[in-house]
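S.K.: Below is start_15.cif; it holds mmCIF, all heavy atoms.
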```cif
data_input
#
loop_
_atom_site.label_atom_id
_atom_site.label_comp_id
_atom_site.auth_asym_id
_atom_site.auth_seq_id
_atom_site.Cartn_x
_atom_site.Cartn_y
_atom_site.Cartn_z
N MET L 679 0.81 -1.20 0.00
CA MET L 679 0.00 0.00 0.00
C MET L 679 0.85 1.27 0.00
O MET L 679 0.34 2.33 -0.27
CB MET L 679 -0.93 -0.01 1.21
CG MET L 679 -2.00 -1.09 1.15
SD MET L 679 -3.09 -0.92 -0.26
CE MET L 679 -4.14 0.38 0.28
N GLN L 680 2.14 1.18 0.30
CA GLN L 680 2.99 2.37 0.30
C GLN L 680 3.22 2.89 -1.11
O GLN L 680 3.67 4.01 -1.30
CB GLN L 680 4.32 2.07 0.96
CG GLN L 680 4.17 1.76 2.43
CD GLN L 680 5.48 1.34 3.05
OE1 GLN L 680 6.44 1.03 2.35
NE2 GLN L 680 5.53 1.31 4.36
N ARG L 681 2.91 2.10 -2.10
CA ARG L 681 3.10 2.53 -3.49
C ARG L 681 1.92 3.34 -4.00
O ARG L 681 2.01 3.96 -5.04
CB ARG L 681 3.34 1.33 -4.38
CG ARG L 681 4.66 0.66 -4.07
CD ARG L 681 5.00 -0.40 -5.07
NE ARG L 681 6.32 -0.91 -4.80
CZ ARG L 681 7.43 -0.43 -5.35
NH1 ARG L 681 7.38 0.54 -6.19
NH2 ARG L 681 8.60 -0.94 -5.04
N LEU L 682 0.82 3.33 -3.27
CA LEU L 682 -0.36 4.09 -3.67
C LEU L 682 -0.40 5.39 -2.90
O LEU L 682 -0.25 5.41 -1.69
CB LEU L 682 -1.63 3.28 -3.40
CG LEU L 682 -1.73 1.93 -4.07
CD1 LEU L 682 -3.03 1.25 -3.69
CD2 LEU L 682 -1.61 2.06 -5.57
N THR L 683 -0.60 6.48 -3.63
CA THR L 683 -0.66 7.79 -2.98
C THR L 683 -1.93 8.53 -3.40
O THR L 683 -2.45 8.30 -4.49
CB THR L 683 0.57 8.64 -3.34
OG1 THR L 683 0.66 8.78 -4.75
CG2 THR L 683 1.85 8.01 -2.81
N LEU L 684 -2.39 9.36 -2.52
CA LEU L 684 -3.53 10.24 -2.80
C LEU L 684 -3.07 11.67 -2.55
O LEU L 684 -2.61 12.00 -1.46
CB LEU L 684 -4.70 9.93 -1.87
CG LEU L 684 -5.36 8.57 -2.03
CD1 LEU L 684 -6.31 8.32 -0.88
CD2 LEU L 684 -6.08 8.49 -3.35
N ASP L 685 -3.18 12.49 -3.58
CA ASP L 685 -2.79 13.89 -3.46
C ASP L 685 -3.77 14.70 -4.30
O ASP L 685 -3.87 14.47 -5.51
CB ASP L 685 -1.36 14.08 -3.96
CG ASP L 685 -0.85 15.49 -3.79
OD1 ASP L 685 -1.67 16.44 -3.74
OD2 ASP L 685 0.38 15.66 -3.72
N PRO L 686 -4.50 15.62 -3.68
CA PRO L 686 -5.48 16.39 -4.44
C PRO L 686 -4.86 17.20 -5.58
O PRO L 686 -5.55 17.61 -6.50
CB PRO L 686 -6.12 17.30 -3.40
CG PRO L 686 -5.29 17.21 -2.18
CD PRO L 686 -4.44 15.99 -2.29
N ASN L 687 -3.55 17.42 -5.55
CA ASN L 687 -2.87 18.19 -6.59
C ASN L 687 -2.36 17.33 -7.74
O ASN L 687 -1.80 17.86 -8.70
CB ASN L 687 -1.71 18.98 -5.99
CG ASN L 687 -2.19 19.99 -4.98
OD1 ASN L 687 -3.15 20.71 -5.23
ND2 ASN L 687 -1.56 20.02 -3.82
N ILE L 688 -2.49 16.02 -7.62
CA ILE L 688 -2.02 15.11 -8.67
C ILE L 688 -3.20 14.29 -9.17
O ILE L 688 -3.86 13.60 -8.39
CB ILE L 688 -0.90 14.18 -8.15
CG1 ILE L 688 0.30 15.00 -7.71
CG2 ILE L 688 -0.48 13.17 -9.22
CD1 ILE L 688 1.41 14.20 -7.06
N CYS L 689 -3.48 14.39 -10.46
CA CYS L 689 -4.55 13.61 -11.11
C CYS L 689 -5.89 13.77 -10.40
O CYS L 689 -6.63 12.80 -10.21
CB CYS L 689 -4.16 12.15 -11.23
SG CYS L 689 -2.78 11.88 -12.33
N HIS L 690 -6.19 14.99 -9.96
CA HIS L 690 -7.47 15.32 -9.32
C HIS L 690 -7.76 14.47 -8.09
O HIS L 690 -8.91 14.16 -7.79
CB HIS L 690 -8.62 15.18 -10.33
CG HIS L 690 -8.41 15.99 -11.57
ND1 HIS L 690 -8.51 17.36 -11.58
CD2 HIS L 690 -8.07 15.63 -12.83
CE1 HIS L 690 -8.26 17.81 -12.80
NE2 HIS L 690 -7.99 16.77 -13.58
N GLY L 691 -6.71 14.06 -7.40
CA GLY L 691 -6.88 13.31 -6.16
C GLY L 691 -7.13 11.83 -6.33
O GLY L 691 -7.37 11.13 -5.34
N LYS L 692 -7.04 11.32 -7.56
CA LYS L 692 -7.23 9.88 -7.77
C LYS L 692 -6.03 9.12 -7.22
O LYS L 692 -4.91 9.65 -7.20
CB LYS L 692 -7.37 9.58 -9.27
CG LYS L 692 -8.62 10.15 -9.88
CD LYS L 692 -8.68 9.81 -11.35
CE LYS L 692 -9.94 10.39 -11.97
NZ LYS L 692 -10.03 10.08 -13.40
N PRO L 693 -6.22 7.88 -6.77
CA PRO L 693 -5.08 7.08 -6.31
C PRO L 693 -4.08 6.91 -7.44
O PRO L 693 -4.45 6.54 -8.56
CB PRO L 693 -5.70 5.74 -5.93
CG PRO L 693 -7.16 5.99 -5.78
CD PRO L 693 -7.49 7.15 -6.66
N CYS L 694 -2.81 7.20 -7.14
CA CYS L 694 -1.74 7.11 -8.12
C CYS L 694 -0.61 6.23 -7.61
O CYS L 694 -0.53 5.93 -6.42
CB CYS L 694 -1.18 8.50 -8.42
SG CYS L 694 -2.34 9.55 -9.28
N ILE L 695 0.26 5.86 -8.52
CA ILE L 695 1.43 5.05 -8.18
C ILE L 695 2.55 5.98 -7.70
O ILE L 695 3.02 6.83 -8.46
CB ILE L 695 1.90 4.24 -9.40
CG1 ILE L 695 0.78 3.38 -9.98
CG2 ILE L 695 3.12 3.39 -9.06
CD1 ILE L 695 0.27 2.31 -9.07
N ARG L 696 2.97 5.83 -6.47
CA ARG L 696 4.11 6.52 -5.86
C ARG L 696 4.18 8.01 -6.14
O ARG L 696 5.25 8.58 -6.33
CB ARG L 696 5.43 5.87 -6.31
CG ARG L 696 5.65 4.51 -5.78
CD ARG L 696 7.00 3.91 -6.16
NE ARG L 696 7.14 3.67 -7.58
CZ ARG L 696 8.03 4.27 -8.36
NH1 ARG L 696 8.87 5.13 -7.88
NH2 ARG L 696 8.09 3.99 -9.64
N GLY L 697 3.06 8.68 -6.22
CA GLY L 697 3.07 10.12 -6.44
C GLY L 697 3.33 10.52 -7.87
O GLY L 697 3.39 11.70 -8.19
N LEU L 698 3.52 9.53 -8.73
CA LEU L 698 3.69 9.81 -10.16
C LEU L 698 2.32 10.10 -10.76
O LEU L 698 1.29 9.86 -10.15
CB LEU L 698 4.33 8.60 -10.86
CG LEU L 698 5.69 8.16 -10.33
CD1 LEU L 698 6.09 6.84 -10.95
CD2 LEU L 698 6.74 9.22 -10.61
N ARG L 699 2.29 10.56 -11.94
CA ARG L 699 1.00 10.86 -12.59
C ARG L 699 0.47 9.65 -13.36
O ARG L 699 0.08 9.77 -14.52
CB ARG L 699 1.15 12.08 -13.49
CG ARG L 699 1.49 13.31 -12.68
CD ARG L 699 1.46 14.57 -13.51
NE ARG L 699 1.84 15.72 -12.72
CZ ARG L 699 1.03 16.41 -11.94
NH1 ARG L 699 -0.22 16.05 -11.84
NH2 ARG L 699 1.47 17.44 -11.25
N TYR L 700 0.48 8.51 -12.69
CA TYR L 700 -0.08 7.28 -13.24
C TYR L 700 -1.21 6.82 -12.32
O TYR L 700 -0.97 6.15 -11.32
CB TYR L 700 0.98 6.17 -13.32
CG TYR L 700 2.12 6.47 -14.26
CD1 TYR L 700 3.42 6.53 -13.78
CD2 TYR L 700 1.89 6.69 -15.61
CE1 TYR L 700 4.48 6.78 -14.63
CE2 TYR L 700 2.95 6.96 -16.47
CZ TYR L 700 4.24 7.00 -15.98
OH TYR L 700 5.28 7.27 -16.82
N PRO L 701 -2.45 7.16 -12.66
CA PRO L 701 -3.57 6.72 -11.82
C PRO L 701 -3.68 5.20 -11.83
O PRO L 701 -3.44 4.54 -12.85
CB PRO L 701 -4.80 7.35 -12.49
CG PRO L 701 -4.28 8.42 -13.37
CD PRO L 701 -2.90 8.01 -13.76
N VAL L 702 -4.06 4.65 -10.70
CA VAL L 702 -4.23 3.21 -10.56
C VAL L 702 -5.24 2.70 -11.59
O VAL L 702 -5.03 1.66 -12.22
CB VAL L 702 -4.67 2.85 -9.12
CG1 VAL L 702 -5.03 1.38 -9.01
CG2 VAL L 702 -3.57 3.21 -8.14
N GLU L 703 -6.32 3.44 -11.82
CA GLU L 703 -7.34 3.00 -12.76
C GLU L 703 -6.76 2.86 -14.17
O GLU L 703 -7.15 1.98 -14.93
CB GLU L 703 -8.55 3.93 -12.77
CG GLU L 703 -8.26 5.31 -13.32
CD GLU L 703 -9.49 6.21 -13.33
OE1 GLU L 703 -10.61 5.73 -13.54
OE2 GLU L 703 -9.30 7.42 -13.14
N TRP L 704 -5.80 3.69 -14.52
CA TRP L 704 -5.18 3.62 -15.84
C TRP L 704 -4.33 2.35 -15.97
O TRP L 704 -4.37 1.67 -17.01
CB TRP L 704 -4.35 4.88 -16.06
CG TRP L 704 -3.60 4.90 -17.34
CD1 TRP L 704 -4.11 5.06 -18.60
CD2 TRP L 704 -2.21 4.74 -17.50
NE1 TRP L 704 -3.11 5.02 -19.52
CE2 TRP L 704 -1.92 4.82 -18.86
CE3 TRP L 704 -1.16 4.55 -16.60
CZ2 TRP L 704 -0.64 4.71 -19.37
CZ3 TRP L 704 0.11 4.44 -17.11
CH2 TRP L 704 0.36 4.53 -18.48
N ILE L 705 -3.58 2.02 -14.91
CA ILE L 705 -2.79 0.78 -14.91
C ILE L 705 -3.72 -0.42 -15.06
O ILE L 705 -3.45 -1.34 -15.83
CB ILE L 705 -1.95 0.65 -13.62
CG1 ILE L 705 -0.98 1.82 -13.46
CG2 ILE L 705 -1.22 -0.69 -13.56
CD1 ILE L 705 0.11 1.90 -14.49
N LEU L 706 -4.83 -0.40 -14.34
CA LEU L 706 -5.80 -1.50 -14.44
C LEU L 706 -6.39 -1.59 -15.85
O LEU L 706 -6.62 -2.70 -16.36
CB LEU L 706 -6.90 -1.33 -13.40
CG LEU L 706 -6.45 -1.47 -11.95
CD1 LEU L 706 -7.60 -1.13 -11.01
CD2 LEU L 706 -5.92 -2.86 -11.68
N GLU L 707 -6.63 -0.46 -16.48
CA GLU L 707 -7.12 -0.46 -17.86
C GLU L 707 -6.11 -1.10 -18.81
O GLU L 707 -6.48 -1.86 -19.70
CB GLU L 707 -7.45 0.95 -18.32
CG GLU L 707 -8.71 1.52 -17.70
CD GLU L 707 -8.96 2.97 -18.09
OE1 GLU L 707 -8.38 3.44 -19.09
OE2 GLU L 707 -9.74 3.62 -17.39
N LEU L 708 -4.83 -0.76 -18.63
CA LEU L 708 -3.80 -1.35 -19.47
C LEU L 708 -3.76 -2.87 -19.29
O LEU L 708 -3.68 -3.62 -20.26
CB LEU L 708 -2.42 -0.76 -19.14
CG LEU L 708 -2.22 0.71 -19.49
CD1 LEU L 708 -0.85 1.18 -19.02
CD2 LEU L 708 -2.37 0.95 -20.99
N LEU L 709 -3.83 -3.31 -18.04
CA LEU L 709 -3.81 -4.75 -17.77
C LEU L 709 -5.04 -5.44 -18.36
O LEU L 709 -4.94 -6.51 -18.96
CB LEU L 709 -3.72 -5.01 -16.26
CG LEU L 709 -2.40 -4.63 -15.60
CD1 LEU L 709 -2.54 -4.65 -14.09
CD2 LEU L 709 -1.29 -5.56 -16.07
N SER L 710 -6.20 -4.83 -18.22
CA SER L 710 -7.43 -5.44 -18.74
C SER L 710 -7.47 -5.43 -20.27
O SER L 710 -8.18 -6.23 -20.87
CB SER L 710 -8.66 -4.77 -18.15
OG SER L 710 -8.80 -3.46 -18.64
N SER L 711 -6.70 -4.54 -20.89
CA SER L 711 -6.65 -4.51 -22.36
C SER L 711 -5.76 -5.61 -22.92
O SER L 711 -5.70 -5.79 -24.13
CB SER L 711 -6.18 -3.15 -22.85
OG SER L 711 -4.79 -3.00 -22.65
N GLY L 712 -5.03 -6.29 -22.02
CA GLY L 712 -4.20 -7.40 -22.48
C GLY L 712 -2.71 -7.19 -22.31
O GLY L 712 -1.92 -8.09 -22.57
N MET L 713 -2.30 -6.00 -21.90
CA MET L 713 -0.87 -5.77 -21.68
C MET L 713 -0.44 -6.51 -20.42
O MET L 713 -1.20 -6.62 -19.46
CB MET L 713 -0.56 -4.29 -21.51
CG MET L 713 -0.69 -3.48 -22.79
SD MET L 713 -0.23 -1.74 -22.54
CE MET L 713 1.56 -1.88 -22.55
N ASN L 714 0.78 -7.00 -20.42
CA ASN L 714 1.30 -7.60 -19.19
C ASN L 714 2.24 -6.61 -18.51
O ASN L 714 2.55 -5.55 -19.05
CB ASN L 714 1.99 -8.95 -19.48
CG ASN L 714 3.20 -8.83 -20.37
OD1 ASN L 714 4.00 -7.91 -20.23
ND2 ASN L 714 3.35 -9.76 -21.30
N ALA L 715 2.67 -6.95 -17.30
CA ALA L 715 3.48 -6.02 -16.50
C ALA L 715 4.76 -5.64 -17.22
O ALA L 715 5.16 -4.47 -17.21
CB ALA L 715 3.80 -6.66 -15.15
N LYS L 716 5.41 -6.59 -17.87
CA LYS L 716 6.66 -6.29 -18.58
C LYS L 716 6.43 -5.28 -19.70
O LYS L 716 7.22 -4.35 -19.87
CB LYS L 716 7.29 -7.56 -19.13
CG LYS L 716 8.62 -7.30 -19.82
CD LYS L 716 9.23 -8.55 -20.37
CE LYS L 716 10.54 -8.35 -21.09
NZ LYS L 716 10.85 -7.08 -21.65
N GLU L 717 5.36 -5.42 -20.45
CA GLU L 717 5.06 -4.49 -21.54
C GLU L 717 4.81 -3.08 -20.99
O GLU L 717 5.28 -2.09 -21.58
CB GLU L 717 3.85 -4.96 -22.33
CG GLU L 717 4.09 -6.23 -23.10
CD GLU L 717 2.84 -6.81 -23.70
OE1 GLU L 717 1.77 -6.73 -23.06
OE2 GLU L 717 2.92 -7.35 -24.81
N ILE L 718 4.10 -2.99 -19.89
CA ILE L 718 3.82 -1.69 -19.29
C ILE L 718 5.12 -1.05 -18.81
O ILE L 718 5.38 0.13 -19.08
CB ILE L 718 2.81 -1.82 -18.14
CG1 ILE L 718 1.46 -2.30 -18.68
CG2 ILE L 718 2.65 -0.50 -17.39
CD1 ILE L 718 0.46 -2.68 -17.62
N ILE L 719 5.95 -1.82 -18.14
CA ILE L 719 7.22 -1.29 -17.63
C ILE L 719 8.14 -0.89 -18.78
O ILE L 719 8.85 0.11 -18.71
CB ILE L 719 7.89 -2.33 -16.70
CG1 ILE L 719 7.04 -2.47 -15.45
CG2 ILE L 719 9.31 -1.93 -16.36
CD1 ILE L 719 7.38 -3.67 -14.62
N ASP L 720 8.13 -1.67 -19.87
CA ASP L 720 8.95 -1.32 -21.03
C ASP L 720 8.51 0.01 -21.63
O ASP L 720 9.33 0.79 -22.10
CB ASP L 720 8.88 -2.42 -22.10
CG ASP L 720 9.65 -3.67 -21.71
OD1 ASP L 720 10.46 -3.61 -20.75
OD2 ASP L 720 9.43 -4.71 -22.36
N ASP L 721 7.21 0.27 -21.63
CA ASP L 721 6.68 1.52 -22.19
C ASP L 721 6.84 2.71 -21.25
O ASP L 721 6.97 3.85 -21.70
CB ASP L 721 5.20 1.36 -22.54
CG ASP L 721 4.97 0.51 -23.78
OD1 ASP L 721 5.95 0.20 -24.49
OD2 ASP L 721 3.81 0.16 -24.04
N TYR L 722 6.81 2.46 -19.96
CA TYR L 722 6.87 3.53 -18.95
C TYR L 722 7.97 3.19 -17.95
O TYR L 722 7.73 2.59 -16.91
CB TYR L 722 5.51 3.67 -18.25
CG TYR L 722 4.41 3.90 -19.25
CD1 TYR L 722 3.64 2.84 -19.72
CD2 TYR L 722 4.16 5.16 -19.78
CE1 TYR L 722 2.64 3.04 -20.67
CE2 TYR L 722 3.18 5.37 -20.73
CZ TYR L 722 2.42 4.30 -21.16
OH TYR L 722 1.46 4.50 -22.10
N ASP L 723 9.19 3.58 -18.29
CA ASP L 723 10.36 3.12 -17.54
C ASP L 723 10.49 3.67 -16.13
O ASP L 723 11.30 3.19 -15.36
CB ASP L 723 11.65 3.37 -18.33
CG ASP L 723 11.73 4.72 -18.96
OD1 ASP L 723 10.69 5.33 -19.21
OD2 ASP L 723 12.85 5.19 -19.21
N ASP L 724 9.67 4.63 -15.73
CA ASP L 724 9.74 5.08 -14.34
C ASP L 724 8.86 4.23 -13.43
O ASP L 724 8.88 4.39 -12.21
CB ASP L 724 9.42 6.57 -14.19
CG ASP L 724 8.16 7.00 -14.91
OD1 ASP L 724 7.65 6.25 -15.75
OD2 ASP L 724 7.70 8.11 -14.63
N LEU L 725 8.11 3.28 -14.02
CA LEU L 725 7.34 2.33 -13.22
C LEU L 725 8.21 1.11 -12.90
O LEU L 725 9.12 0.77 -13.66
CB LEU L 725 6.09 1.86 -13.98
CG LEU L 725 4.98 2.89 -14.15
CD1 LEU L 725 3.88 2.34 -15.02
CD2 LEU L 725 4.43 3.33 -12.80
N GLU L 726 7.92 0.48 -11.79
CA GLU L 726 8.66 -0.72 -11.36
C GLU L 726 7.67 -1.89 -11.30
O GLU L 726 6.46 -1.70 -11.19
CB GLU L 726 9.27 -0.49 -9.98
CG GLU L 726 10.24 0.67 -9.96
CD GLU L 726 10.68 1.02 -8.56
OE1 GLU L 726 10.23 0.40 -7.58
OE2 GLU L 726 11.50 1.96 -8.45
N HIS L 727 8.22 -3.08 -11.37
CA HIS L 727 7.38 -4.29 -11.37
C HIS L 727 6.44 -4.31 -10.16
O HIS L 727 5.26 -4.65 -10.28
CB HIS L 727 8.26 -5.55 -11.39
CG HIS L 727 7.47 -6.80 -11.45
ND1 HIS L 727 6.81 -7.21 -12.59
CD2 HIS L 727 7.22 -7.74 -10.52
CE1 HIS L 727 6.17 -8.34 -12.34
NE2 HIS L 727 6.43 -8.69 -11.09
N GLU L 728 6.94 -3.91 -9.00
CA GLU L 728 6.13 -3.90 -7.78
C GLU L 728 4.97 -2.91 -7.88
O GLU L 728 3.94 -3.08 -7.24
CB GLU L 728 7.00 -3.59 -6.56
CG GLU L 728 7.94 -4.70 -6.18
CD GLU L 728 9.20 -4.74 -7.07
OE1 GLU L 728 9.47 -3.76 -7.80
OE2 GLU L 728 9.89 -5.77 -7.06
N ASP L 729 5.12 -1.87 -8.69
CA ASP L 729 4.03 -0.91 -8.90
C ASP L 729 2.85 -1.59 -9.57
O ASP L 729 1.70 -1.28 -9.28
CB ASP L 729 4.49 0.26 -9.77
CG ASP L 729 5.58 1.10 -9.14
OD1 ASP L 729 5.62 1.16 -7.89
OD2 ASP L 729 6.37 1.68 -9.88
N ILE L 730 3.12 -2.49 -10.49
CA ILE L 730 2.07 -3.17 -11.23
C ILE L 730 1.39 -4.21 -10.35
O ILE L 730 0.18 -4.40 -10.42
CB ILE L 730 2.64 -3.84 -12.50
CG1 ILE L 730 3.43 -2.83 -13.35
CG2 ILE L 730 1.53 -4.49 -13.31
CD1 ILE L 730 2.65 -1.65 -13.82
N LEU L 731 2.18 -4.87 -9.50
CA LEU L 731 1.60 -5.88 -8.62
C LEU L 731 0.62 -5.24 -7.65
O LEU L 731 -0.36 -5.78 -7.27
CB LEU L 731 2.69 -6.61 -7.83
CG LEU L 731 3.66 -7.42 -8.68
CD1 LEU L 731 4.72 -8.04 -7.77
CD2 LEU L 731 2.94 -8.50 -9.45
#
```
Would you kindly transcribe this structure into C-alpha cells?
M.R.:
Amino acid sequence: MQRLTLDPNICHGKPCIRGLRYPVEWILELLSSGMNAKEIIDDYDDLEHEDIL
C-alpha cells in the first residue's frame, strides 16, 4: 500500500502510483486490455514491477 498515494494536486486526487502521474485505474485499464506487467514497464520506464503488482 505504500506505493499508492492520494494527493489532491495530482490527477485530481485519484489514487496514483508513488506520487507519479499514473492513476491506478489507468494501470488497471492497461492490464485489462491485455498488456502484461513487462510491456507496461517497457513503455513507462519510471514504473517498477512492484508498482504493477
S.K.: Can you spell out as a list in words the set of residues that the PyMOL selection byres ((chain L and resi 719-728) around 4) selects in the structure I just provided?
M.R.: Arg681, Ile695, Arg696, Leu698, Tyr700, Trp704, Ile705, Met713, Ala715, Lys716, Glu717, Ile718, Asp729, Ile730 and Leu731 of chain L
S.K.: Could you check which residues have any atom within 3.5 Å of (-3.1, 7.4, -4.0), counting all heavy atoms with coordinates taken straight from the file, and then list them as JSON, numbers by chain?
M.R.: {"L": [683, 684, 693, 694]}
S.K.: Could you dump the residues just selected with all heavy atoms as a PDB file, in the frame of the given file?
M.R.:
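New file selection.pdb:
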```
ATOM      1  N   THR L 683      -0.600   6.480  -3.630  1.00  0.00           N
ATOM      2  CA  THR L 683      -0.660   7.790  -2.980  1.00  0.00           C
ATOM      3  C   THR L 683      -1.930   8.530  -3.400  1.00  0.00           C
ATOM      4  O   THR L 683      -2.450   8.300  -4.490  1.00  0.00           O
ATOM      5  CB  THR L 683       0.570   8.640  -3.340  1.00  0.00           C
ATOM      6  OG1 THR L 683       0.660   8.780  -4.750  1.00  0.00           O
ATOM      7  CG2 THR L 683       1.850   8.010  -2.810  1.00  0.00           C
ATOM      8  N   LEU L 684      -2.390   9.360  -2.520  1.00  0.00           N
ATOM      9  CA  LEU L 684      -3.530  10.240  -2.800  1.00  0.00           C
ATOM     10  C   LEU L 684      -3.070  11.670  -2.550  1.00  0.00           C
ATOM     11  O   LEU L 684      -2.610  12.000  -1.460  1.00  0.00           O
ATOM     12  CB  LEU L 684      -4.700   9.930  -1.870  1.00  0.00           C
ATOM     13  CG  LEU L 684      -5.360   8.570  -2.030  1.00  0.00           C
ATOM     14  CD1 LEU L 684      -6.310   8.320  -0.880  1.00  0.00           C
ATOM     15  CD2 LEU L 684      -6.080   8.490  -3.350  1.00  0.00           C
ATOM     16  N   PRO L 693      -6.220   7.880  -6.770  1.00  0.00           N
ATOM     17  CA  PRO L 693      -5.080   7.080  -6.310  1.00  0.00           C
ATOM     18  C   PRO L 693      -4.080   6.910  -7.440  1.00  0.00           C
ATOM     19  O   PRO L 693      -4.450   6.540  -8.560  1.00  0.00           O
ATOM     20  CB  PRO L 693      -5.700   5.740  -5.930  1.00  0.00           C
ATOM     21  CG  PRO L 693      -7.160   5.990  -5.780  1.00  0.00           C
ATOM     22  CD  PRO L 693      -7.490   7.150  -6.660  1.00  0.00           C
ATOM     23  N   CYS L 694      -2.810   7.200  -7.140  1.00  0.00           N
ATOM     24  CA  CYS L 694      -1.740   7.110  -8.120  1.00  0.00           C
ATOM     25  C   CYS L 694      -0.610   6.230  -7.610  1.00  0.00           C
ATOM     26  O   CYS L 694      -0.530   5.930  -6.420  1.00  0.00           O
ATOM     27  CB  CYS L 694      -1.180   8.500  -8.420  1.00  0.00           C
ATOM     28  SG  CYS L 694      -2.340   9.550  -9.280  1.00  0.00           S
TER      29      CYS L 694
END
```
S.K.: Using atom CD of L:Glu707 and atom NE2 of L:Gln680 as the two end points, give the distance in Å to one decimal.
M.R.: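 Atom-to-atom, atom CD of L:Glu707 to atom NE2 of L:Gln680, that is 26.8 Å.
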S.K.: So the first atom is atom CA of L:Ile688 and the second is atom CA of L:Ser711; what is the distance between them in Å, to one decimal place?
M.R.: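 Separation of atom CA of L:Ile688 and atom CA of L:Ser711: 24.4 Å.
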S.K.: Could you pull out all residues of stretch 683-723 of chain L with a DSSP call of strand (DSSP E or B) and give them as a list in words?
M.R.: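 Listing strand (DSSP E or B) positions across stretch 683-723 of chain L yields Thr683, Cys694, Ile695 and Pro701 of chain L.
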S.K.: Would you mind reading off the distance between atom CB of L:Leu706 and atom CD1 of L:Leu682, one decimal, in Å?
M.R.: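 One can read the atom CB of L:Leu706 to atom CD1 of L:Leu682 distance as 10.8 Å.
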S.K.: Box time for stretch 702-715 of chain L: axis-aligned, enclosing all its listed atoms, 4 Å extra on each side; report centre and edge lengths in Å to one decimal, as AutoDock Vina command-line options.
M.R.:
```
--center_x -2.7 --center_y -1.2 --center_z -16.1 --size_x 23.8 --size_y 25.2 --size_z 24.0
```
S.K.: Please extract the residues of chain L with a backbone DSSP assignment of helix (DSSP H, G or I) and present them as a list in words.
M.R.: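 The helix (DSSP H, G or I) residues within chain L come out as Cys689, His690, Gly691, Val702, Glu703, Trp704, Ile705, Leu706, Glu707, Leu708, Leu709, Ser710, Ala715, Lys716, Glu717, Ile718, Ile719, Asp720, Asp721, His727, Glu728, Asp729 and Ile730 of chain L.
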